[in-house]
>>> print(open('upload12.cif').read())   # mmCIF, C-alpha atoms and all ligand atoms
data_my_file
#
loop_
_atom_site.label_atom_id
_atom_site.label_comp_id
_atom_site.auth_asym_id
_atom_site.auth_seq_id
_atom_site.Cartn_x
_atom_site.Cartn_y
_atom_site.Cartn_z
CA MET A 1 -4.75 -41.76 5.67
CA THR A 2 -5.84 -39.72 8.66
CA LYS A 3 -8.56 -37.16 8.30
CA ASP A 4 -6.08 -34.35 9.07
CA ALA A 5 -3.86 -35.37 6.19
CA ILE A 6 -6.66 -34.69 3.75
CA LYS A 7 -6.86 -31.25 2.26
CA ARG A 8 -10.30 -30.30 1.08
CA PRO A 9 -10.77 -28.27 -2.07
CA GLU A 10 -11.37 -24.60 -1.23
CA TRP A 11 -14.98 -24.69 -2.35
CA VAL A 12 -15.98 -27.25 0.28
CA PRO A 13 -18.08 -25.43 2.92
CA ASP A 14 -16.31 -25.01 6.24
CA THR A 15 -19.09 -26.81 8.02
CA ALA A 16 -19.04 -29.85 5.77
CA GLY A 17 -18.28 -33.12 7.50
CA GLU A 18 -17.50 -36.55 6.13
CA ALA A 19 -21.23 -37.27 5.92
CA GLU A 20 -21.70 -34.77 3.09
CA GLY A 21 -20.12 -37.32 0.86
CA PHE A 22 -17.65 -35.19 -1.02
CA THR A 23 -15.88 -37.41 -3.44
CA THR A 24 -12.95 -35.11 -4.04
CA ASN A 25 -10.03 -34.76 -1.70
CA VAL A 26 -6.72 -33.22 -2.52
CA MET A 27 -3.59 -34.80 -1.19
CA SER A 28 -1.40 -32.54 0.90
CA GLY A 29 1.34 -30.94 -1.16
CA ILE A 30 4.92 -30.08 -0.50
CA LYS A 31 5.42 -28.29 2.77
CA SER A 32 5.77 -24.70 1.74
CA ARG A 33 3.54 -21.71 1.70
CA HIS A 34 1.20 -21.32 -1.22
CA ASP A 35 3.03 -18.28 -2.59
CA GLY A 36 6.13 -20.42 -2.98
CA MET A 37 8.11 -18.36 -0.47
CA PRO A 38 10.23 -19.99 2.19
CA GLY A 39 8.57 -19.94 5.60
CA SER A 40 9.54 -17.72 8.49
CA PRO A 41 12.58 -18.78 10.51
CA SER A 42 10.55 -19.13 13.69
CA GLY A 43 8.47 -21.73 11.93
CA THR A 44 5.31 -20.45 13.55
CA SER A 45 3.82 -19.06 10.39
CA VAL A 46 4.63 -21.86 8.00
CA TYR A 47 1.61 -23.22 6.21
CA THR A 48 1.99 -26.91 6.64
CA GLY A 49 -0.36 -28.01 3.91
CA GLY A 50 -2.51 -29.78 6.46
CA ALA A 51 -6.27 -29.73 6.86
CA ARG A 52 -8.28 -26.52 6.38
CA ARG A 53 -6.99 -23.59 8.31
CA ARG A 54 -8.93 -21.78 10.96
CA GLU A 55 -10.36 -18.51 9.69
CA LEU A 56 -8.63 -15.44 11.05
CA SER A 57 -10.52 -12.68 12.80
CA LEU A 58 -10.41 -9.10 11.59
CA ASP A 59 -8.00 -8.18 14.41
CA GLU A 60 -5.74 -11.10 13.57
CA TYR A 61 -5.58 -10.02 9.94
CA VAL A 62 -4.87 -6.38 10.80
CA ASP A 63 -2.31 -7.11 13.54
CA GLY A 64 -0.60 -9.79 11.46
CA VAL A 65 -0.23 -7.56 8.41
CA LEU A 66 0.93 -4.55 10.43
CA SER A 67 3.55 -6.64 12.22
CA GLY A 68 4.84 -7.90 8.88
CA ASP A 69 3.89 -11.55 9.43
CA ARG A 70 4.30 -12.99 5.95
CA ALA A 71 1.92 -15.89 6.42
CA VAL A 72 -0.86 -13.52 7.48
CA LEU A 73 0.10 -11.17 4.65
CA ALA A 74 -0.38 -13.97 2.12
CA ARG A 75 -3.73 -14.86 3.65
CA ALA A 76 -4.81 -11.21 3.72
CA ILE A 77 -4.08 -10.95 0.00
CA THR A 78 -5.98 -14.16 -0.64
CA LEU A 79 -8.90 -12.61 1.25
CA VAL A 80 -8.73 -9.47 -0.88
CA GLU A 81 -8.60 -11.59 -4.04
CA SER A 82 -11.57 -13.72 -3.05
CA ASN A 83 -14.75 -13.28 -5.05
CA ALA A 84 -16.94 -14.61 -2.24
CA GLU A 85 -19.22 -11.95 -0.82
CA ARG A 86 -18.57 -12.79 2.84
CA HIS A 87 -14.83 -12.47 2.20
CA GLN A 88 -15.29 -9.14 0.46
CA ASP A 89 -17.01 -7.57 3.45
CA LEU A 90 -14.24 -8.70 5.76
CA ALA A 91 -11.61 -7.62 3.23
CA GLN A 92 -13.09 -4.12 3.04
CA GLU A 93 -13.15 -3.80 6.84
CA MET A 94 -9.55 -4.89 6.96
CA LEU A 95 -8.56 -2.41 4.23
CA MET A 96 -10.24 0.44 6.08
CA ARG A 97 -8.07 -0.33 9.09
CA LEU A 98 -4.93 -0.75 7.01
CA LEU A 99 -5.34 2.36 4.85
CA PRO A 100 -3.84 4.83 7.37
CA HIS A 101 -0.68 2.69 7.40
CA ALA A 102 -0.30 2.47 3.63
CA GLY A 103 0.83 4.96 1.07
CA LYS A 104 4.29 6.03 2.19
CA THR A 105 5.84 4.29 -0.75
CA ILE A 106 6.82 4.57 -4.36
CA ARG A 107 4.75 2.60 -6.85
CA VAL A 108 6.42 1.86 -10.15
CA GLY A 109 4.69 0.23 -13.11
CA ILE A 110 6.74 -1.55 -15.76
CA THR A 111 5.38 -2.30 -19.18
CA GLY A 112 6.93 -3.45 -22.44
CA VAL A 113 6.70 -6.08 -25.13
CA PRO A 114 6.88 -9.73 -24.03
CA GLY A 115 10.49 -10.73 -23.62
CA ALA A 116 11.80 -7.18 -23.19
CA GLY A 117 13.27 -8.21 -19.85
CA LYS A 118 10.79 -6.75 -17.34
CA SER A 119 11.05 -9.66 -14.91
CA SER A 120 14.83 -9.81 -15.33
CA LEU A 121 15.12 -6.12 -14.54
CA ILE A 122 12.91 -6.53 -11.49
CA GLU A 123 15.26 -9.27 -10.28
CA THR A 124 18.40 -7.17 -10.76
CA LEU A 125 16.88 -3.93 -9.50
CA GLY A 126 15.08 -5.72 -6.68
CA LEU A 127 18.24 -7.32 -5.31
CA ARG A 128 19.95 -3.95 -5.40
CA LEU A 129 17.06 -2.28 -3.56
CA CYS A 130 17.11 -5.05 -0.98
CA SER A 131 20.78 -4.52 -0.28
CA ASP A 132 20.03 -0.80 0.11
CA GLY A 133 17.59 -1.71 2.88
CA HIS A 134 14.33 -1.43 0.98
CA LYS A 135 11.46 -3.85 1.27
CA LEU A 136 9.98 -4.67 -2.05
CA ALA A 137 6.65 -6.05 -3.23
CA VAL A 138 6.37 -7.26 -6.80
CA LEU A 139 2.92 -7.62 -8.31
CA ALA A 140 1.90 -8.73 -11.75
CA VAL A 141 -1.20 -7.51 -13.54
CA ASP A 142 -2.35 -9.88 -16.21
CA PRO A 143 -5.98 -9.80 -17.27
CA SER A 144 -5.47 -12.90 -19.37
CA SER A 145 -4.00 -15.04 -16.59
CA SER A 146 -7.26 -16.86 -15.91
CA VAL A 147 -7.17 -18.17 -19.45
CA THR A 148 -3.52 -18.75 -20.16
CA GLY A 149 -2.17 -19.39 -16.69
CA GLY A 150 -0.19 -16.17 -17.05
CA SER A 151 3.56 -16.14 -16.93
CA ILE A 152 3.76 -17.22 -13.33
CA LEU A 153 6.14 -20.01 -14.15
CA GLY A 154 8.36 -17.70 -16.16
CA ASP A 155 8.37 -15.10 -13.44
CA LYS A 156 9.29 -17.59 -10.75
CA THR A 157 12.36 -18.65 -12.70
CA ARG A 158 13.29 -15.13 -13.83
CA MET A 159 13.10 -13.82 -10.29
CA GLU A 160 14.70 -16.78 -8.66
CA GLN A 161 17.07 -15.03 -6.30
CA LEU A 162 14.63 -12.30 -5.47
CA SER A 163 11.88 -14.76 -4.65
CA ARG A 164 14.17 -16.39 -2.11
CA ASN A 165 15.08 -13.07 -0.52
CA ARG A 166 13.19 -12.16 2.63
CA CYS A 167 13.08 -8.47 1.81
CA ALA A 168 10.93 -9.17 -1.26
CA TYR A 169 7.43 -10.44 -1.71
CA ILE A 170 6.35 -11.62 -5.14
CA ARG A 171 2.69 -12.03 -5.95
CA PRO A 172 1.57 -13.34 -9.33
CA SER A 173 -1.42 -11.81 -11.04
CA PRO A 174 -4.80 -12.66 -9.53
CA SER A 175 -6.98 -14.57 -11.91
CA GLY A 176 -9.87 -12.18 -11.97
CA GLY A 177 -11.20 -12.85 -15.43
CA VAL A 178 -12.19 -9.31 -16.27
CA LEU A 179 -9.64 -6.55 -16.11
CA GLY A 180 -11.73 -4.55 -13.65
CA GLY A 181 -11.55 -7.44 -11.18
CA VAL A 182 -7.82 -7.82 -11.61
CA ALA A 183 -7.32 -4.08 -11.13
CA ARG A 184 -9.31 -3.94 -7.92
CA LYS A 185 -7.45 -6.91 -6.50
CA SER A 186 -4.06 -5.51 -7.44
CA ARG A 187 -4.82 -2.10 -5.98
CA GLU A 188 -5.99 -3.60 -2.73
CA THR A 189 -3.06 -6.01 -2.62
CA MET A 190 -0.82 -2.99 -2.94
CA ILE A 191 -2.42 -1.41 0.14
CA VAL A 192 -1.99 -4.62 2.12
CA CYS A 193 1.70 -4.87 1.15
CA GLU A 194 2.34 -1.24 1.96
CA SER A 195 0.85 -1.57 5.42
CA ALA A 196 3.04 -4.62 5.99
CA GLY A 197 6.05 -2.35 5.58
CA PHE A 198 6.97 -2.76 1.92
CA ASP A 199 8.18 0.63 0.73
CA VAL A 200 8.75 -0.08 -2.96
CA ILE A 201 5.99 -1.58 -5.10
CA LEU A 202 6.88 -2.79 -8.57
CA VAL A 203 4.00 -3.75 -10.84
CA GLU A 204 4.80 -5.75 -13.95
CA THR A 205 2.31 -5.48 -16.77
CA VAL A 206 1.84 -8.83 -18.40
CA GLY A 207 0.10 -8.95 -21.72
CA VAL A 208 -0.39 -5.98 -23.96
CA GLY A 209 -3.09 -3.43 -24.54
CA GLN A 210 -5.60 -2.62 -21.84
CA SER A 211 -3.45 -3.64 -18.90
CA GLU A 212 -1.06 -0.76 -19.61
CA VAL A 213 -3.80 1.78 -19.01
CA THR A 214 -4.85 -0.03 -15.86
CA VAL A 215 -1.36 -0.20 -14.43
CA ARG A 216 -0.75 3.48 -15.26
CA SER A 217 -3.83 4.27 -13.17
CA MET A 218 -2.41 2.61 -10.07
CA VAL A 219 1.23 3.70 -9.99
CA ASP A 220 3.22 6.89 -9.41
CA LEU A 221 5.82 6.29 -12.07
CA PHE A 222 5.23 4.39 -15.27
CA MET A 223 8.20 2.85 -17.04
CA LEU A 224 8.21 1.61 -20.61
CA MET A 225 10.79 -1.04 -21.40
CA GLN A 226 12.03 -1.41 -24.94
CA ILE A 227 14.68 -3.37 -26.74
CA ALA A 228 16.69 -2.44 -29.77
CA GLY A 229 15.48 -4.80 -32.46
CA ALA A 230 16.35 -5.25 -36.08
CA GLY A 231 15.10 -2.59 -38.48
CA ASP A 232 13.14 0.43 -37.53
CA GLU A 233 12.21 -0.35 -33.96
CA LEU A 234 10.44 2.93 -33.36
CA GLN A 235 7.71 2.21 -35.84
CA GLY A 236 5.89 -0.38 -33.85
CA ILE A 237 5.48 1.67 -30.70
CA LYS A 238 2.21 3.31 -30.07
CA LYS A 239 2.44 6.99 -29.35
CA GLY A 240 -0.12 6.52 -26.57
CA VAL A 241 2.09 4.23 -24.51
CA MET A 242 5.03 6.58 -24.80
CA GLU A 243 2.87 9.47 -23.72
CA ARG A 244 1.84 7.56 -20.63
CA SER A 245 5.44 6.85 -19.64
CA ASP A 246 7.64 8.77 -17.23
CA LEU A 247 10.73 6.83 -18.12
CA ILE A 248 11.76 4.81 -21.15
CA VAL A 249 14.36 2.12 -20.63
CA VAL A 250 16.13 0.35 -23.46
CA ASN A 251 17.15 -2.99 -21.96
CA LYS A 252 19.72 -5.56 -23.08
CA ALA A 253 22.41 -2.93 -23.53
CA ASP A 254 25.14 -5.54 -23.26
CA GLY A 255 27.56 -7.45 -25.48
CA ASP A 256 27.05 -6.98 -29.20
CA ASN A 257 23.81 -5.19 -28.55
CA LYS A 258 25.26 -2.33 -26.54
CA LEU A 259 25.76 0.10 -29.41
CA ARG A 260 22.38 -0.60 -30.92
CA ALA A 261 20.70 -0.09 -27.57
CA GLU A 262 22.46 3.24 -27.13
CA ALA A 263 21.38 4.30 -30.63
CA ALA A 264 17.79 3.34 -29.84
CA ARG A 265 17.96 5.31 -26.60
CA VAL A 266 19.05 8.42 -28.52
CA ASP A 267 16.16 7.93 -30.96
CA TYR A 268 13.64 7.66 -28.15
CA GLN A 269 15.04 10.71 -26.47
CA ARG A 270 14.61 12.63 -29.70
CA ILE A 271 11.01 11.49 -30.16
CA LEU A 272 10.15 12.39 -26.58
CA HIS A 273 10.68 16.06 -27.42
CA PHE A 274 7.61 15.92 -29.61
CA LEU A 275 5.32 14.13 -27.18
CA GLN A 276 3.12 15.26 -24.32
CA PRO A 277 4.79 14.47 -20.99
CA SER A 278 2.91 12.02 -18.82
CA THR A 279 3.45 13.89 -15.57
CA GLU A 280 3.09 17.61 -15.05
CA GLY A 281 6.48 19.24 -14.53
CA TRP A 282 8.46 16.11 -15.39
CA ARG A 283 10.37 15.56 -18.58
CA THR A 284 10.24 11.90 -19.62
CA GLN A 285 13.72 10.60 -20.33
CA ALA A 286 15.20 7.58 -22.08
CA LEU A 287 17.90 5.42 -20.50
CA ALA A 288 19.74 2.29 -21.52
CA CYS A 289 20.45 -0.56 -19.14
CA SER A 290 21.20 -4.25 -18.92
CA ALA A 291 19.34 -6.49 -16.53
CA TYR A 292 22.17 -9.01 -17.10
CA THR A 293 25.23 -6.95 -16.29
CA GLY A 294 23.43 -4.46 -14.07
CA ASP A 295 24.83 -1.56 -16.10
CA GLY A 296 22.59 1.47 -15.92
CA VAL A 297 20.35 0.00 -13.22
CA ALA A 298 21.65 2.31 -10.47
CA GLU A 299 21.14 5.28 -12.80
CA LEU A 300 17.63 4.10 -13.51
CA TRP A 301 16.74 4.04 -9.83
CA ALA A 302 18.35 7.46 -9.38
CA VAL A 303 15.87 8.79 -11.94
CA VAL A 304 12.99 7.18 -10.05
CA GLU A 305 14.18 8.87 -6.85
CA GLU A 306 14.54 12.18 -8.66
CA PHE A 307 10.98 11.79 -9.97
CA ARG A 308 9.71 11.17 -6.49
CA LEU A 309 11.52 14.22 -5.06
CA ASN A 310 10.39 16.55 -7.85
CA THR A 311 6.78 15.50 -7.92
CA THR A 312 6.51 15.43 -4.14
CA ALA A 313 7.87 18.97 -3.93
CA SER A 314 5.46 20.20 -6.59
CA GLY A 315 2.48 18.39 -5.06
CA VAL A 316 1.90 16.41 -8.27
CA PHE A 317 2.67 13.13 -6.53
CA GLU A 318 -0.05 13.54 -3.92
CA LYS A 319 -2.50 15.03 -6.39
CA ARG A 320 -2.13 12.05 -8.72
CA ARG A 321 -2.74 9.55 -5.93
CA GLN A 322 -5.86 11.43 -4.87
CA GLN A 323 -7.12 11.51 -8.43
CA GLN A 324 -6.36 7.80 -8.83
CA ASN A 325 -8.48 7.03 -5.78
CA LEU A 326 -11.37 9.10 -7.12
CA ASP A 327 -11.13 7.43 -10.53
CA TRP A 328 -11.00 4.06 -8.80
CA MET A 329 -14.19 4.84 -6.89
CA HIS A 330 -15.97 5.89 -10.08
CA SER A 331 -14.84 2.81 -11.94
CA MET A 332 -16.06 0.62 -9.07
CA VAL A 333 -19.45 2.36 -9.27
CA SER A 334 -19.75 1.73 -12.99
CA GLU A 335 -18.64 -1.83 -12.60
CA GLN A 336 -21.15 -2.54 -9.87
CA LEU A 337 -23.97 -0.82 -11.76
CA LYS A 338 -23.16 -2.93 -14.76
CA ARG A 339 -23.11 -6.13 -12.76
CA LYS A 340 -26.44 -5.22 -11.12
CA PHE A 341 -27.97 -4.43 -14.49
CA TYR A 342 -26.94 -7.69 -16.15
CA ASN A 343 -28.07 -9.68 -13.13
CA HIS A 344 -31.55 -8.16 -13.14
CA PRO A 345 -34.04 -11.00 -13.90
CA ASN A 346 -35.88 -9.00 -16.57
CA VAL A 347 -32.65 -8.10 -18.31
CA ARG A 348 -31.40 -11.68 -18.22
CA MET A 349 -34.68 -12.97 -19.53
CA ASN A 350 -34.92 -10.53 -22.45
CA ILE A 351 -31.33 -10.30 -23.59
CA PRO A 352 -31.36 -13.37 -25.89
CA LEU A 353 -34.41 -12.04 -27.74
CA VAL A 354 -33.04 -8.51 -28.02
CA GLU A 355 -29.74 -9.86 -29.33
CA GLU A 356 -31.57 -11.92 -31.90
CA MET A 357 -33.53 -8.87 -33.09
CA ILE A 358 -30.30 -6.89 -33.48
CA VAL A 359 -28.63 -9.68 -35.42
CA LYS A 360 -31.66 -9.90 -37.73
CA GLY A 361 -31.53 -6.17 -38.30
CA ARG A 362 -34.97 -5.58 -36.79
CA LEU A 363 -33.81 -3.51 -33.84
CA SER A 364 -31.16 -0.82 -33.67
CA PRO A 365 -28.49 -1.28 -30.97
CA THR A 366 -29.29 2.11 -29.45
CA ARG A 367 -33.00 1.40 -29.23
CA ALA A 368 -32.22 -2.04 -27.79
CA ALA A 369 -30.07 -0.51 -25.08
CA THR A 370 -32.84 1.93 -24.16
CA LEU A 371 -35.38 -0.89 -23.92
CA LEU A 372 -33.10 -3.01 -21.75
CA LEU A 373 -32.23 -0.13 -19.45
CA ALA A 374 -35.92 0.56 -18.95
CA LEU A 375 -36.42 -3.09 -17.95
CA ASP A 376 -33.91 -2.66 -15.16
CA GLU A 377 -36.24 -0.12 -13.50
CA SER A 378 -39.25 -2.39 -13.22
CA THR A 379 -39.70 -4.81 -10.37
CA GLU A 380 -42.35 -6.86 -12.17
CA ALA A 381 -41.45 -9.54 -14.68
CA ARG A 382 -41.73 -8.21 -18.23
CA VAL A 383 -41.18 -9.86 -21.58
CA LEU A 384 -40.51 -7.60 -24.54
CA ARG A 385 -42.52 -8.16 -27.71
CA PHE A 386 -41.50 -7.17 -31.20
N1 LIG B 401 21.19 -10.05 -23.21
C1 LIG B 401 20.25 -9.78 -22.34
N2 LIG B 401 19.16 -10.61 -22.24
C2 LIG B 401 18.20 -10.30 -21.33
C3 LIG B 401 18.30 -9.14 -20.51
N3 LIG B 401 17.18 -9.10 -19.74
C4 LIG B 401 16.43 -10.16 -20.06
N4 LIG B 401 17.04 -10.90 -21.02
C5 LIG B 401 16.52 -12.16 -21.60
O1 LIG B 401 15.31 -11.87 -22.30
C6 LIG B 401 14.36 -12.90 -22.13
C7 LIG B 401 13.06 -12.37 -21.57
O2 LIG B 401 13.26 -11.87 -20.27
P1 LIG B 401 12.07 -11.64 -19.22
O3 LIG B 401 12.69 -10.95 -18.05
O4 LIG B 401 11.32 -12.85 -18.99
O5 LIG B 401 11.16 -10.64 -20.05
P2 LIG B 401 9.72 -10.09 -19.66
O6 LIG B 401 9.64 -8.74 -20.27
O7 LIG B 401 9.46 -10.21 -18.23
O8 LIG B 401 8.80 -11.09 -20.48
P3 LIG B 401 7.25 -11.41 -20.27
O9 LIG B 401 7.00 -11.51 -18.80
O10 LIG B 401 7.07 -12.70 -20.99
O11 LIG B 401 6.50 -10.29 -20.91
C8 LIG B 401 15.01 -13.93 -21.24
O12 LIG B 401 15.53 -14.95 -22.01
C9 LIG B 401 16.11 -13.16 -20.54
O13 LIG B 401 17.15 -13.99 -20.17
C10 LIG B 401 19.46 -8.31 -20.64
O14 LIG B 401 19.64 -7.30 -19.97
N5 LIG B 401 20.38 -8.69 -21.56
MG MG B 402 7.92 -11.22 -17.14
#
>>> encode(input="upload12.cif", output="structure tokens")
Amino acid sequence: MTKDAIKRPEWVPDTAGEAEGFTTNVMSGIKSRHDGMPGSPSGTSVYTGGARRRELSLDEYVDGVLSGDRAVLARAITLVESNAERHQDLAQEMLMRLLPHAGKTIRVGITGVPGAGKSSLIETLGLRLCSDGHKLAVLAVDPSSSVTGGSILGDKTRMEQLSRNRCAYIRPSPSGGVLGGVARKSRETMIVCESAGFDVILVETVGVGQSEVTVRSMVDLFMLMQIAGAGDELQGIKKGVMERSDLIVVNKADGDNKLRAEAARVDYQRILHFLQPSTEGWRTQALACSAYTGDGVAELWAVVEEFRLNTTASGVFEKRRQQQNLDWMHSMVSEQLKRKFYNHPNVRMNIPLVEEMIVKGRLSPTRAATLLLALDESTEARVLRF
């Protein structure tokens, strides 16, 4: 095998030669780009799966993204998702240059129980938006993906047609481990996609719980997808999720299920009267649709458009985005402070002991926190004694 046919693992330093004696080489894969999308027709931007690629310069990243080059777009997102410090500096410089070109879009978050049909709806809605001339980026936010592998496989099959369509770009959830990491990456990916000319961003929430709150904090409109199940389907829904939603969609309103879905929609509509609306000046409504037949999907998008018009006119749209950016900054500060604190040598050294004392009941958690925080301030090595 020639040297060029060998693909090194990503962690091999760029400068490493054969002499370094790396024992691991990865065989070249199928010739497609790593996001699974077909290459560009010109063929110039197809990732051939060959040896390591040359690093792009800041200008190449910025120009490539702005001109809508999908290969550069994929690499720019990979850069944003990288945890390596040298990549993060470059990524931030790139984002600063891209920011003025982003933002003229609608960002829609979709949440709902597993199997509700979120990916199927994105496929149906996405194809419709494409034929209306939109360019669509689909992102998934899944804090658990680093553990479970996420639902990437499922999404690829559910969004089969869309993933082959050139007007759409589908990006599975970054494996960030902690939710904060995933959120930062998704937000920055969104900016990259928007500057590449994608005007509709759909974010699918994968997994339940915390990710809903995170996705709400990065989108303009938040959609809750439900299905009419057996029994009292309204019981299991947390009031909090409904109060965060701007639109409730009962999916699978087709075949035998149509009447039940309609009944569920009426129930949701009734409940909504008693809840706090999620967006100032907007009354959350419940719709029924079918991702299979496409019934109700045009109506659903009409509501999204109406939301955009109303909130833009009232200034709520812009105000929310500004607030989201401020919140984002503050959450980045707390995250970085936390990381700095736990990496402090004194804190690392003393934590096992402090934990032991708490477990044994000899130290109160509050007192322990105060002691540890004080350690963070000293530059000299200190061992706590009890
Ligand atoms: N009858 C009917 N089935 C649907 C509809 N939409 C989705 N399904 C089916 O429901 C199942 C789950 O669909 P997905 O689109 O994967 O659901 P999801 O909400 O993305 O699921 P997760 O990503 O696992 O949370 C699949 O078997 C779909 O074929 C619909 O409108 N009608
Ligand atoms: Mg899905």
>>> closest_atom_pairs(input="upload12.cif", of="chain A", to="ligand LIG 401 (chain B)", cutoff="8 Å", atoms="all atoms listed in the file", output="CSV")
residue,atom,partner,partner_atom,distance
A:Thr111,CA,B:LIG401,O6,7.8
A:Gly112,CA,B:LIG401,O6,6.3
A:Val113,CA,B:LIG401,O11,6.0
A:Pro114,CA,B:LIG401,O11,3.2
A:Gly115,CA,B:LIG401,O8,3.6
A:Ala116,CA,B:LIG401,O6,4.0
A:Gly117,CA,B:LIG401,O5,3.2
A:Lys118,CA,B:LIG401,O6,3.7
A:Ser119,CA,B:LIG401,O7,3.7
A:Ser120,CA,B:LIG401,O3,3.6
A:Leu121,CA,B:LIG401,N3,6.3
A:Ile122,CA,B:LIG401,O3,7.9
A:Ser151,CA,B:LIG401,O9,6.1
A:Gly154,CA,B:LIG401,O4,6.3
A:Asp155,CA,B:LIG401,O9,6.6
A:Arg158,CA,B:LIG401,O3,6.0
A:Glu204,CA,B:LIG401,O7,7.7
A:Thr205,CA,B:LIG401,O11,7.6
A:Val206,CA,B:LIG401,O11,5.5
A:Gly207,CA,B:LIG401,O11,6.6
A:Met225,CA,B:LIG401,O6,7.9
A:Asn251,CA,B:LIG401,O14,5.4
A:Lys252,CA,B:LIG401,N5,3.5
A:Ala253,CA,B:LIG401,O14,6.3
A:Asp254,CA,B:LIG401,N5,6.0
A:Gly255,CA,B:LIG401,N1,7.2
A:Asn257,CA,B:LIG401,N1,7.7
A:Cys289,CA,B:LIG401,O14,6.8
A:Ser290,CA,B:LIG401,O14,3.6
A:Ala291,CA,B:LIG401,O14,3.5
A:Tyr292,CA,B:LIG401,O14,4.2
A:Thr293,CA,B:LIG401,O14,6.7
A:Gly294,CA,B:LIG401,O14,7.6
>>> closest_residue(input="upload12.cif", among="A:Ser173, A:Gln285, A:Thr379, A:Gln269", to="ligand MG 402 (chain B)", atoms="only C-alpha atoms and all ligand atoms")
A:Ser173
>>> residues_around(input="upload12.cif", residues="A:Ala228", least_positions_apart="2", cutoff="8 Å", atoms="all atoms listed in the file", output="number ranges by chain")
A: 226, 230, 233, 250-252, 257, 260-261, 264
>>> atom_distance(input="upload12.cif", atom1="atom CA of A:His330", atom2="atom CA of A:Ile351")
26.1 Å
>>> closest_residue(input="upload12.cif", among="A:Leu247, A:Leu373, A:Leu287, A:Val297", to="A:Arg265", atoms="only C-alpha atoms")
A:Leu287
>>> atom_distance(input="upload12.cif", atom1="atom MG of ligand MG 402 (chain B)", atom2="atom CA of A:Leu136")
16.6 Å
>>> closest_residue(input="upload12.cif", among="A:Ala140, A:Val192, A:Val304, A:Val354", to="ligand MG 402 (chain B)", atoms="only C-alpha atoms and all ligand atoms")
A:Ala140
>>> residues_around(input="upload12.cif", residues="A:Leu275", least_positions_apart="2", cutoff="12 Å", atoms="all atoms listed in the file", output="JSON, numbers by chain")
{"A": [238, 239, 240, 241, 242, 243, 244, 245, 246, 268, 269, 270, 271, 272, 273, 277, 278, 279, 283, 284, 285]}
